[in-house]
Amino acid sequence: MSFRRFIGTYTCNNRVFSNRHLQTLTTVKKASKVTVTTDPYHPEATDVIDVRTPDEFKLDHIPNAINLPVLNNSQRDEVGKLYSTDRFTARKIGAKLVVSNICDILDAHVSDKDKDYKPLVYCWRGGQRSRSLATILSEIGFGVFLLEGGYKTYRNRVTEDLKILPDKFTYRVITGLTGSGKTHILCKLAENGQQVLDLEGLAKHKGSMLGRYPNEEQPSQKYFTSLLVEKLMSFDPSKTVYMESESRRIGKCSIPEGLFSKLCHAPRICVHLPMKERVKHIIRDYPYMIEDVETLHNILEYLKRYCGTKNVEKWKTLVDQQYWEEFVECLLLHHYDPTYTKSQTKNQLTEDVIDIELCNLSEQSLQSLVDNIITVK
C-alpha cells in the first residue's frame with residue numbers, strides 16, 4: 001500500500017494529516033510491520049499506549065501507560081448499543097469515530113516523535129481499537145508492538161506474578177503503635193538505598209480511620225495490584241525488602257494473600273516512641289484533620305459503636321475547642337492503640353521481634369535508627 005493510497009483510505013473529513021504531516025511522513029520509504037507480542041513489559045517498547053476509554057483506563061492499566069482513547073466513554077457506549085441491533089451500521093459509525101480520534105492522537109502525541117519511537121499498543125483484548133492505531137502508526141513507519149489479547153493478557157500476567165513474586169524476596173517489617181513514624185522510617189530507609197515496599201503509598205491511604213489522603217482517590221483494587229507487581233519487579237531478590245506492618249485492608253484496597261502471608265511471618269523491628277512525640281507527629285502528619293473539622297466530626301460519629309457515645313462526644317468537644325494535643329492523646333489511648341494491638345496479636349505470626357526505643361523523629365534520630373536497622377541480620 002503506497003502512502004498516498006493510505007492517506008486516501010484513512011482520511012476522515014479531510015483532516016487526517018496536515019501538509020506538515022505529509023511533508024514529514026511521505027519521507028518514510030517503507031512502513032514498519034506491527035509486531036504482535038504477549039509481553040506487556042516488552043523491553044524494546046519506548047512507550048505504552050492504552051487506547052481504551054478513560055473509564056476503562058481509570059479502573060486499571062499498565063503502570064506508566066498513557067491513555068489515548070480511539071473511542072471515548074460516550075462513543076463506546078453509543079457504538080456498543082447500536083452493535084447489538086445493527087452490527088454493520090455500528091461498524092461504520094465506529095470506524096468514522098476511531099479515525100477522527102486517531103487524527104487528534106497524531107496531532108497531539110505523534111507529530112513530534114522520531115523514527116525510533118516504538119510504542120506498545122493495547123485495548124481490551126487486542127481487537128479493532130488497538131489494531132486501528134497500530135496499523136496507522138506502522139504505515140507511517142514506526143516500529144509498533146501490539147499486545148495480543150490486550151488488557152486481558154496483561155491482567156492474567158498480573159494475577160500470575162502475584163502468585164510468584166512475593167516468594168522471591170526476604171522481608172523485614174517495621175511495627176509500632178500509631179504515630180511512631182513508621183512511614184518516615186521507610187522513607188529514610190529508601191533514602192539510604194534500601195528496598196522499600198510502601199503499601200500505604202501505593203494504596204494512597206494511611207490504613208487508619210483518618211487515613212484517607214486529602215483530595216486524592218484510592219486506586220481500584222486492580223490498579224493497586226498492578227502498582228504492587230510493578231514495584232516488586234523492580235526489586236533485587238538478593239536484598240531485603242522493608243515494609244510497614246499492615247492489616248489486610250488499607251482503606252478499600254486489600255493486600256493479596258501471598259504477600260500478606262509474608263508480611264505476617266516476616267521478622268519485625270518494633271519502634272517505641274514516647275506518647276508526647278507520637279501526638280506531635282500525628283498533628284504534624286494530619287494537618288487536613290485540623291483544617292476540616294466537619295469531616296472529622298462525621299468520622300468520630302462512626303466511632304460511637306466502638307468507643308461509646310460518651311467518649312466520642314467528649315472528643316468532639318475537644319475538637320471544637322481546638323485542644324488538639326488532648327484530643328489526639330485520647331484517640332490514641334482509647335481507639336488506635338487497642339485496635340493496633342489487637343491487629344498485631346492476630347497478624348503477627350513470628351517471634352522474631354527486635355524492640356527499639358526512639359526518643360523523637362528528628363533527622364538525626366531517624367538516621368541513627370536506620371543505620372541500626374540496616375546492620376540487623
# chains A, B, ... in the order shown; residues from 1 in each chain; ligands from 1
call {"tool": "residues_around", "arguments": {"residues": "Trp324 in chain A", "least_positions_apart": "4", "cutoff": "12 Å", "atoms": "only C-alpha atoms", "output": "list in words"}}
result
Val279, Lys280, His281, Ile282, Ile283, Arg284, Tyr286, Pro287, Met289, Ile290, Glu291, Val293, Trp315, Lys316, Thr317, Leu318, Val319, Asp320, Val328, Glu329, Cys330 and Leu331 of chain A
call {"tool": "residues_around", "arguments": {"residues": "range 195-200 of chain A", "least_positions_apart": "4", "cutoff": "8 Å", "atoms": "only C-alpha atoms", "output": "PDB file with N, CA, C and O atoms, in the first residue's frame"}}
result
ATOM      1  N   THR A 183       6.140   5.235  58.606  1.00  0.00           N
ATOM      2  CA  THR A 183       6.280   5.648  57.205  1.00  0.00           C
ATOM      3  C   THR A 183       7.525   6.501  57.009  1.00  0.00           C
ATOM      4  O   THR A 183       8.232   6.376  56.001  1.00  0.00           O
ATOM      5  N   LEU A 186      10.448   4.234  56.796  1.00  0.00           N
ATOM      6  CA  LEU A 186      10.553   3.629  55.457  1.00  0.00           C
ATOM      7  C   LEU A 186      11.167   4.612  54.467  1.00  0.00           C
ATOM      8  O   LEU A 186      12.018   4.237  53.642  1.00  0.00           O
ATOM      9  N   CYS A 187      10.744   5.873  54.534  1.00  0.00           N
ATOM     10  CA  CYS A 187      11.295   6.884  53.622  1.00  0.00           C
ATOM     11  C   CYS A 187      12.794   7.051  53.847  1.00  0.00           C
ATOM     12  O   CYS A 187      13.571   7.176  52.885  1.00  0.00           O
ATOM     13  N   LEU A 189      14.818   4.780  55.065  1.00  0.00           N
ATOM     14  CA  LEU A 189      15.461   3.575  54.538  1.00  0.00           C
ATOM     15  C   LEU A 189      15.648   3.688  53.028  1.00  0.00           C
ATOM     16  O   LEU A 189      16.708   3.330  52.494  1.00  0.00           O
ATOM     17  N   ALA A 190      14.635   4.178  52.340  1.00  0.00           N
ATOM     18  CA  ALA A 190      14.728   4.345  50.888  1.00  0.00           C
ATOM     19  C   ALA A 190      15.815   5.356  50.530  1.00  0.00           C
ATOM     20  O   ALA A 190      16.571   5.160  49.574  1.00  0.00           O
ATOM     21  N   LYS A 204      -2.595   4.859  48.571  1.00  0.00           N
ATOM     22  CA  LYS A 204      -2.996   6.252  48.849  1.00  0.00           C
ATOM     23  C   LYS A 204      -3.918   6.325  50.062  1.00  0.00           C
ATOM     24  O   LYS A 204      -4.981   6.943  50.049  1.00  0.00           O
ATOM     25  N   HIS A 205      -3.493   5.670  51.123  1.00  0.00           N
ATOM     26  CA  HIS A 205      -4.284   5.641  52.347  1.00  0.00           C
ATOM     27  C   HIS A 205      -3.343   5.223  53.481  1.00  0.00           C
ATOM     28  O   HIS A 205      -2.478   4.364  53.296  1.00  0.00           O
ATOM     29  N   LYS A 206      -3.517   5.832  54.659  1.00  0.00           N
ATOM     30  CA  LYS A 206      -2.629   5.547  55.788  1.00  0.00           C
ATOM     31  C   LYS A 206      -3.108   4.382  56.641  1.00  0.00           C
ATOM     32  O   LYS A 206      -2.546   4.114  57.701  1.00  0.00           O
ATOM     33  N   GLY A 207      -4.149   3.718  56.176  1.00  0.00           N
ATOM     34  CA  GLY A 207      -4.545   2.477  56.822  1.00  0.00           C
ATOM     35  C   GLY A 207      -5.350   2.631  58.084  1.00  0.00           C
ATOM     36  O   GLY A 207      -5.617   1.653  58.765  1.00  0.00           O
ATOM     37  N   LEU A 228       1.568  -2.769  42.674  1.00  0.00           N
ATOM     38  CA  LEU A 228       2.302  -3.680  43.563  1.00  0.00           C
ATOM     39  C   LEU A 228       3.237  -4.577  42.754  1.00  0.00           C
ATOM     40  O   LEU A 228       4.421  -4.734  43.092  1.00  0.00           O
ATOM     41  N   LYS A 231       6.210  -2.647  41.409  1.00  0.00           N
ATOM     42  CA  LYS A 231       7.220  -2.371  42.426  1.00  0.00           C
ATOM     43  C   LYS A 231       8.028  -3.624  42.756  1.00  0.00           C
ATOM     44  O   LYS A 231       9.263  -3.572  42.855  1.00  0.00           O
ATOM     45  N   LEU A 232       7.356  -4.761  42.923  1.00  0.00           N
ATOM     46  CA  LEU A 232       8.058  -5.998  43.230  1.00  0.00           C
ATOM     47  C   LEU A 232       9.031  -6.384  42.115  1.00  0.00           C
ATOM     48  O   LEU A 232      10.123  -6.889  42.379  1.00  0.00           O
ATOM     49  N   PHE A 235      12.604  -4.950  42.354  1.00  0.00           N
ATOM     50  CA  PHE A 235      13.473  -5.305  43.473  1.00  0.00           C
ATOM     51  C   PHE A 235      14.502  -6.373  43.094  1.00  0.00           C
ATOM     52  O   PHE A 235      14.279  -7.202  42.210  1.00  0.00           O
ATOM     53  N   LYS A 239      18.477  -8.810  48.068  1.00  0.00           N
ATOM     54  CA  LYS A 239      18.459  -7.782  49.103  1.00  0.00           C
ATOM     55  C   LYS A 239      17.135  -7.787  49.861  1.00  0.00           C
ATOM     56  O   LYS A 239      16.097  -8.158  49.320  1.00  0.00           O
ATOM     57  N   THR A 240      17.170  -7.335  51.116  1.00  0.00           N
ATOM     58  CA  THR A 240      15.979  -7.289  51.962  1.00  0.00           C
ATOM     59  C   THR A 240      14.986  -6.247  51.453  1.00  0.00           C
ATOM     60  O   THR A 240      15.376  -5.170  50.974  1.00  0.00           O
ATOM     61  N   VAL A 241      13.701  -6.573  51.573  1.00  0.00           N
ATOM     62  CA  VAL A 241      12.627  -5.624  51.282  1.00  0.00           C
ATOM     63  C   VAL A 241      11.983  -5.221  52.606  1.00  0.00           C
ATOM     64  O   VAL A 241      11.561  -6.073  53.387  1.00  0.00           O
ATOM     65  N   TYR A 242      11.929  -3.921  52.861  1.00  0.00           N
ATOM     66  CA  TYR A 242      11.333  -3.402  54.090  1.00  0.00           C
ATOM     67  C   TYR A 242       9.911  -2.929  53.816  1.00  0.00           C
ATOM     68  O   TYR A 242       9.636  -2.306  52.788  1.00  0.00           O
ATOM     69  N   MET A 243       9.011  -3.227  54.738  1.00  0.00           N
ATOM     70  CA  MET A 243       7.653  -2.704  54.645  1.00  0.00           C
ATOM     71  C   MET A 243       7.079  -2.511  56.039  1.00  0.00           C
ATOM     72  O   MET A 243       7.651  -2.983  57.030  1.00  0.00           O
ATOM     73  N   GLU A 244       5.986  -1.800  56.089  1.00  0.00           N
ATOM     74  CA  GLU A 244       5.332  -1.494  57.358  1.00  0.00           C
ATOM     75  C   GLU A 244       4.263  -2.532  57.657  1.00  0.00           C
ATOM     76  O   GLU A 244       3.605  -3.039  56.744  1.00  0.00           O
ATOM     77  N   ILE A 250      -6.137  -1.842  53.464  1.00  0.00           N
ATOM     78  CA  ILE A 250      -5.639  -0.480  53.594  1.00  0.00           C
ATOM     79  C   ILE A 250      -6.678   0.417  52.939  1.00  0.00           C
ATOM     80  O   ILE A 250      -6.694   0.569  51.711  1.00  0.00           O
TER      81      ILE A 250
END
call {"tool": "residues_around", "arguments": {"residues": "Leu303 in chain A", "least_positions_apart": "4", "cutoff": "9 Å", "atoms": "only C-alpha atoms", "output": "list of chain:residue names"}}
result
A:Ile299, A:Cys307, A:Gly308, A:Thr309, A:Val312, A:His335
call {"tool": "residues_around", "arguments": {"residues": "range 71-79 of chain A", "least_positions_apart": "2", "cutoff": "7 Å", "atoms": "only C-alpha atoms", "output": "PDB file with N, CA, C and O atoms, in the first residue's frame"}}
result
ATOM      1  N   THR A  53     -11.188   3.401  26.702  1.00  0.00           N
ATOM      2  CA  THR A  53     -11.841   4.614  27.177  1.00  0.00           C
ATOM      3  C   THR A  53     -11.223   5.092  28.493  1.00  0.00           C
ATOM      4  O   THR A  53     -10.599   4.300  29.216  1.00  0.00           O
ATOM      5  N   PRO A  54     -11.402   6.371  28.827  1.00  0.00           N
ATOM      6  CA  PRO A  54     -10.917   6.859  30.121  1.00  0.00           C
ATOM      7  C   PRO A  54     -11.477   6.082  31.306  1.00  0.00           C
ATOM      8  O   PRO A  54     -10.766   5.878  32.300  1.00  0.00           O
ATOM      9  N   ASP A  55     -12.723   5.643  31.234  1.00  0.00           N
ATOM     10  CA  ASP A  55     -13.300   4.860  32.330  1.00  0.00           C
ATOM     11  C   ASP A  55     -12.586   3.526  32.496  1.00  0.00           C
ATOM     12  O   ASP A  55     -12.307   3.093  33.626  1.00  0.00           O
ATOM     13  N   PRO A  69      -7.427   7.347  23.963  1.00  0.00           N
ATOM     14  CA  PRO A  69      -8.586   6.561  23.547  1.00  0.00           C
ATOM     15  C   PRO A  69      -8.979   6.805  22.095  1.00  0.00           C
ATOM     16  O   PRO A  69      -9.060   7.948  21.653  1.00  0.00           O
ATOM     17  N   LYS A  81     -24.165  -0.077  21.989  1.00  0.00           N
ATOM     18  CA  LYS A  81     -25.618  -0.276  21.976  1.00  0.00           C
ATOM     19  C   LYS A  81     -26.121  -0.551  20.571  1.00  0.00           C
ATOM     20  O   LYS A  81     -26.968  -1.426  20.348  1.00  0.00           O
ATOM     21  N   LEU A  82     -25.589   0.200  19.596  1.00  0.00           N
ATOM     22  CA  LEU A  82     -26.017   0.007  18.217  1.00  0.00           C
ATOM     23  C   LEU A  82     -25.571  -1.352  17.687  1.00  0.00           C
ATOM     24  O   LEU A  82     -26.289  -2.014  16.916  1.00  0.00           O
ATOM     25  N   TYR A  83     -24.399  -1.814  18.130  1.00  0.00           N
ATOM     26  CA  TYR A  83     -23.849  -3.075  17.653  1.00  0.00           C
ATOM     27  C   TYR A  83     -24.768  -4.253  17.988  1.00  0.00           C
ATOM     28  O   TYR A  83     -24.827  -5.239  17.235  1.00  0.00           O
ATOM     29  N   ALA A  90     -23.123  -0.068  13.051  1.00  0.00           N
ATOM     30  CA  ALA A  90     -22.259   0.218  14.194  1.00  0.00           C
ATOM     31  C   ALA A  90     -20.794   0.246  13.776  1.00  0.00           C
ATOM     32  O   ALA A  90     -20.027   1.095  14.229  1.00  0.00           O
ATOM     33  N   GLY A  94     -18.495   3.404  14.110  1.00  0.00           N
ATOM     34  CA  GLY A  94     -17.305   3.206  14.924  1.00  0.00           C
ATOM     35  C   GLY A  94     -16.035   3.545  14.169  1.00  0.00           C
ATOM     36  O   GLY A  94     -15.133   4.197  14.714  1.00  0.00           O
ATOM     37  N   LEU A  97     -15.599   7.329  13.892  1.00  0.00           N
ATOM     38  CA  LEU A  97     -15.191   7.919  15.160  1.00  0.00           C
ATOM     39  C   LEU A  97     -13.729   7.596  15.483  1.00  0.00           C
ATOM     40  O   LEU A  97     -12.973   8.459  15.943  1.00  0.00           O
ATOM     41  N   VAL A  98     -13.344   6.339  15.232  1.00  0.00           N
ATOM     42  CA  VAL A  98     -11.970   5.922  15.526  1.00  0.00           C
ATOM     43  C   VAL A  98     -10.975   6.712  14.696  1.00  0.00           C
ATOM     44  O   VAL A  98      -9.967   7.216  15.214  1.00  0.00           O
ATOM     45  N   ASN A 101     -10.699  10.273  15.895  1.00  0.00           N
ATOM     46  CA  ASN A 101      -9.938  10.364  17.144  1.00  0.00           C
ATOM     47  C   ASN A 101      -8.456  10.091  16.920  1.00  0.00           C
ATOM     48  O   ASN A 101      -7.596  10.669  17.600  1.00  0.00           O
TER      49      ASN A 101
END
call {"tool": "atom_distance", "arguments": {"atom1": "CA of Ser226 in chain A", "atom2": "CA of Val121 in chain A"}}
result
17.5 Å
call {"tool": "atom_distance", "arguments": {"atom1": "CA of Glu216 in chain A", "atom2": "CA of Ala65 in chain A"}}
result
19.8 Å
call {"tool": "closest_residue", "arguments": {"among": "A:Gly193, A:Gly80, A:Pro63, A:Gly126", "to": "Val51 in chain A", "atoms": "only C-alpha atoms"}}
result
A:Gly126
call {"tool": "residues_around", "arguments": {"residues": "Glu246 in chain A", "least_positions_apart": "5", "cutoff": "9 Å", "atoms": "only C-alpha atoms", "output": "PDB file with N, CA, C and O atoms, in the first residue's frame"}}
result
ATOM      1  N   THR A 175       7.222  -2.200  62.751  1.00  0.00           N
ATOM      2  CA  THR A 175       5.976  -2.113  63.509  1.00  0.00           C
ATOM      3  C   THR A 175       6.104  -1.037  64.584  1.00  0.00           C
ATOM      4  O   THR A 175       7.187  -0.531  64.865  1.00  0.00           O
ATOM      5  N   LEU A 199       3.293   0.136  51.071  1.00  0.00           N
ATOM      6  CA  LEU A 199       1.934  -0.292  50.726  1.00  0.00           C
ATOM      7  C   LEU A 199       0.932   0.850  50.878  1.00  0.00           C
ATOM      8  O   LEU A 199       0.003   0.988  50.069  1.00  0.00           O
ATOM      9  N   GLU A 200       1.110   1.664  51.903  1.00  0.00           N
ATOM     10  CA  GLU A 200       0.192   2.781  52.103  1.00  0.00           C
ATOM     11  C   GLU A 200       0.342   3.812  50.996  1.00  0.00           C
ATOM     12  O   GLU A 200      -0.640   4.415  50.563  1.00  0.00           O
ATOM     13  N   GLY A 207      -4.149   3.718  56.176  1.00  0.00           N
ATOM     14  CA  GLY A 207      -4.545   2.477  56.822  1.00  0.00           C
ATOM     15  C   GLY A 207      -5.350   2.631  58.084  1.00  0.00           C
ATOM     16  O   GLY A 207      -5.617   1.653  58.765  1.00  0.00           O
ATOM     17  N   ILE A 255      -4.477  -6.262  50.576  1.00  0.00           N
ATOM     18  CA  ILE A 255      -3.174  -6.844  50.262  1.00  0.00           C
ATOM     19  C   ILE A 255      -3.384  -8.282  49.791  1.00  0.00           C
ATOM     20  O   ILE A 255      -4.062  -9.054  50.466  1.00  0.00           O
ATOM     21  N   PHE A 260       0.515 -10.882  51.914  1.00  0.00           N
ATOM     22  CA  PHE A 260       0.085 -10.666  53.295  1.00  0.00           C
ATOM     23  C   PHE A 260       0.634 -11.761  54.209  1.00  0.00           C
ATOM     24  O   PHE A 260       1.024 -11.502  55.351  1.00  0.00           O
ATOM     25  N   LEU A 263       4.113 -10.876  54.993  1.00  0.00           N
ATOM     26  CA  LEU A 263       4.138  -9.778  55.951  1.00  0.00           C
ATOM     27  C   LEU A 263       3.920 -10.286  57.369  1.00  0.00           C
ATOM     28  O   LEU A 263       4.592  -9.855  58.309  1.00  0.00           O
ATOM     29  N   CYS A 264       2.996 -11.209  57.525  1.00  0.00           N
ATOM     30  CA  CYS A 264       2.670 -11.727  58.857  1.00  0.00           C
ATOM     31  C   CYS A 264       3.804 -12.550  59.451  1.00  0.00           C
ATOM     32  O   CYS A 264       3.993 -12.579  60.678  1.00  0.00           O
ATOM     33  N   SER A 343      -4.822  -5.995  66.300  1.00  0.00           N
ATOM     34  CA  SER A 343      -4.447  -6.391  64.941  1.00  0.00           C
ATOM     35  C   SER A 343      -3.104  -7.111  64.928  1.00  0.00           C
ATOM     36  O   SER A 343      -2.925  -8.125  64.240  1.00  0.00           O
ATOM     37  N   GLN A 344      -2.136  -6.599  65.709  1.00  0.00           N
ATOM     38  CA  GLN A 344      -0.818  -7.232  65.760  1.00  0.00           C
ATOM     39  C   GLN A 344      -0.881  -8.620  66.383  1.00  0.00           C
ATOM     40  O   GLN A 344      -0.204  -9.543  65.942  1.00  0.00           O
ATOM     41  N   ASN A 347      -2.223 -10.768  63.534  1.00  0.00           N
ATOM     42  CA  ASN A 347      -1.482 -10.891  62.275  1.00  0.00           C
ATOM     43  C   ASN A 347       0.011 -11.135  62.442  1.00  0.00           C
ATOM     44  O   ASN A 347       0.680 -11.482  61.469  1.00  0.00           O
TER      45      ASN A 347
END
call {"tool": "residues_around", "arguments": {"residues": "Leu332 in chain A", "least_positions_apart": "6", "cutoff": "9 Å", "atoms": "only C-alpha atoms", "output": "list in words"}}
result
Leu177, Thr178, Gly179, Met275, Val279 and Pro338 of chain A
call {"tool": "select_by_dssp", "arguments": {"residues": "range 91-252 of chain A", "states": "alpha helix (DSSP H)", "output": "PyMOL selection string"}}
result
chain A and resi 91-105+128-140+150-164+182-191+199-203+221-233
call {"tool": "residues_around", "arguments": {"residues": "Thr153 in chain A", "least_positions_apart": "6", "cutoff": "9 Å", "atoms": "only C-alpha atoms", "output": "PyMOL selection string"}}
result
chain A and resi 38-40+125-126+147
call {"tool": "decode", "arguments": {"residues": "range 227-242 of chain A", "atoms": "N, CA, C and O atoms", "output": "compact mmCIF listing (two decimals), in the first residue's frame"}}
result
# COMPACT_ATOMS: atom_id res chain seq x y z
N LEU A 227 0.21 -1.75 40.52
CA LEU A 227 1.32 -0.98 41.09
C LEU A 227 2.20 -1.86 41.97
O LEU A 227 3.43 -1.71 41.99
N LEU A 228 1.57 -2.77 42.67
CA LEU A 228 2.30 -3.68 43.56
C LEU A 228 3.24 -4.58 42.75
O LEU A 228 4.42 -4.73 43.09
N VAL A 229 2.73 -5.16 41.69
CA VAL A 229 3.56 -6.02 40.84
C VAL A 229 4.71 -5.22 40.22
O VAL A 229 5.86 -5.68 40.18
N GLU A 230 4.41 -4.01 39.75
CA GLU A 230 5.45 -3.18 39.16
C GLU A 230 6.58 -2.93 40.16
O GLU A 230 7.77 -3.01 39.81
N LYS A 231 6.21 -2.65 41.41
CA LYS A 231 7.22 -2.37 42.43
C LYS A 231 8.03 -3.62 42.76
O LYS A 231 9.26 -3.57 42.86
N LEU A 232 7.36 -4.76 42.92
CA LEU A 232 8.06 -6.00 43.23
C LEU A 232 9.03 -6.38 42.12
O LEU A 232 10.12 -6.89 42.38
N MET A 233 8.64 -6.14 40.88
CA MET A 233 9.51 -6.47 39.75
C MET A 233 10.78 -5.63 39.73
O MET A 233 11.78 -6.02 39.11
N SER A 234 10.75 -4.49 40.42
CA SER A 234 11.93 -3.62 40.42
C SER A 234 12.96 -4.01 41.47
O SER A 234 14.06 -3.48 41.49
N PHE A 235 12.60 -4.95 42.35
CA PHE A 235 13.47 -5.30 43.47
C PHE A 235 14.50 -6.37 43.09
O PHE A 235 14.28 -7.20 42.21
N ASP A 236 15.61 -6.35 43.84
CA ASP A 236 16.68 -7.34 43.72
C ASP A 236 16.41 -8.44 44.76
O ASP A 236 16.41 -8.15 45.97
N PRO A 237 16.18 -9.69 44.33
CA PRO A 237 15.87 -10.77 45.28
C PRO A 237 16.98 -11.03 46.30
O PRO A 237 16.72 -11.63 47.35
N SER A 238 18.18 -10.58 46.03
CA SER A 238 19.29 -10.84 46.96
C SER A 238 19.32 -9.84 48.12
O SER A 238 20.11 -10.00 49.05
N LYS A 239 18.48 -8.81 48.07
CA LYS A 239 18.46 -7.78 49.10
C LYS A 239 17.13 -7.79 49.86
O LYS A 239 16.10 -8.16 49.32
N THR A 240 17.17 -7.34 51.12
CA THR A 240 15.98 -7.29 51.96
C THR A 240 14.99 -6.25 51.45
O THR A 240 15.38 -5.17 50.97
N VAL A 241 13.70 -6.57 51.57
CA VAL A 241 12.63 -5.62 51.28
C VAL A 241 11.98 -5.22 52.61
O VAL A 241 11.56 -6.07 53.39
N TYR A 242 11.93 -3.92 52.86
CA TYR A 242 11.33 -3.40 54.09
C TYR A 242 9.91 -2.93 53.82
O TYR A 242 9.64 -2.31 52.79
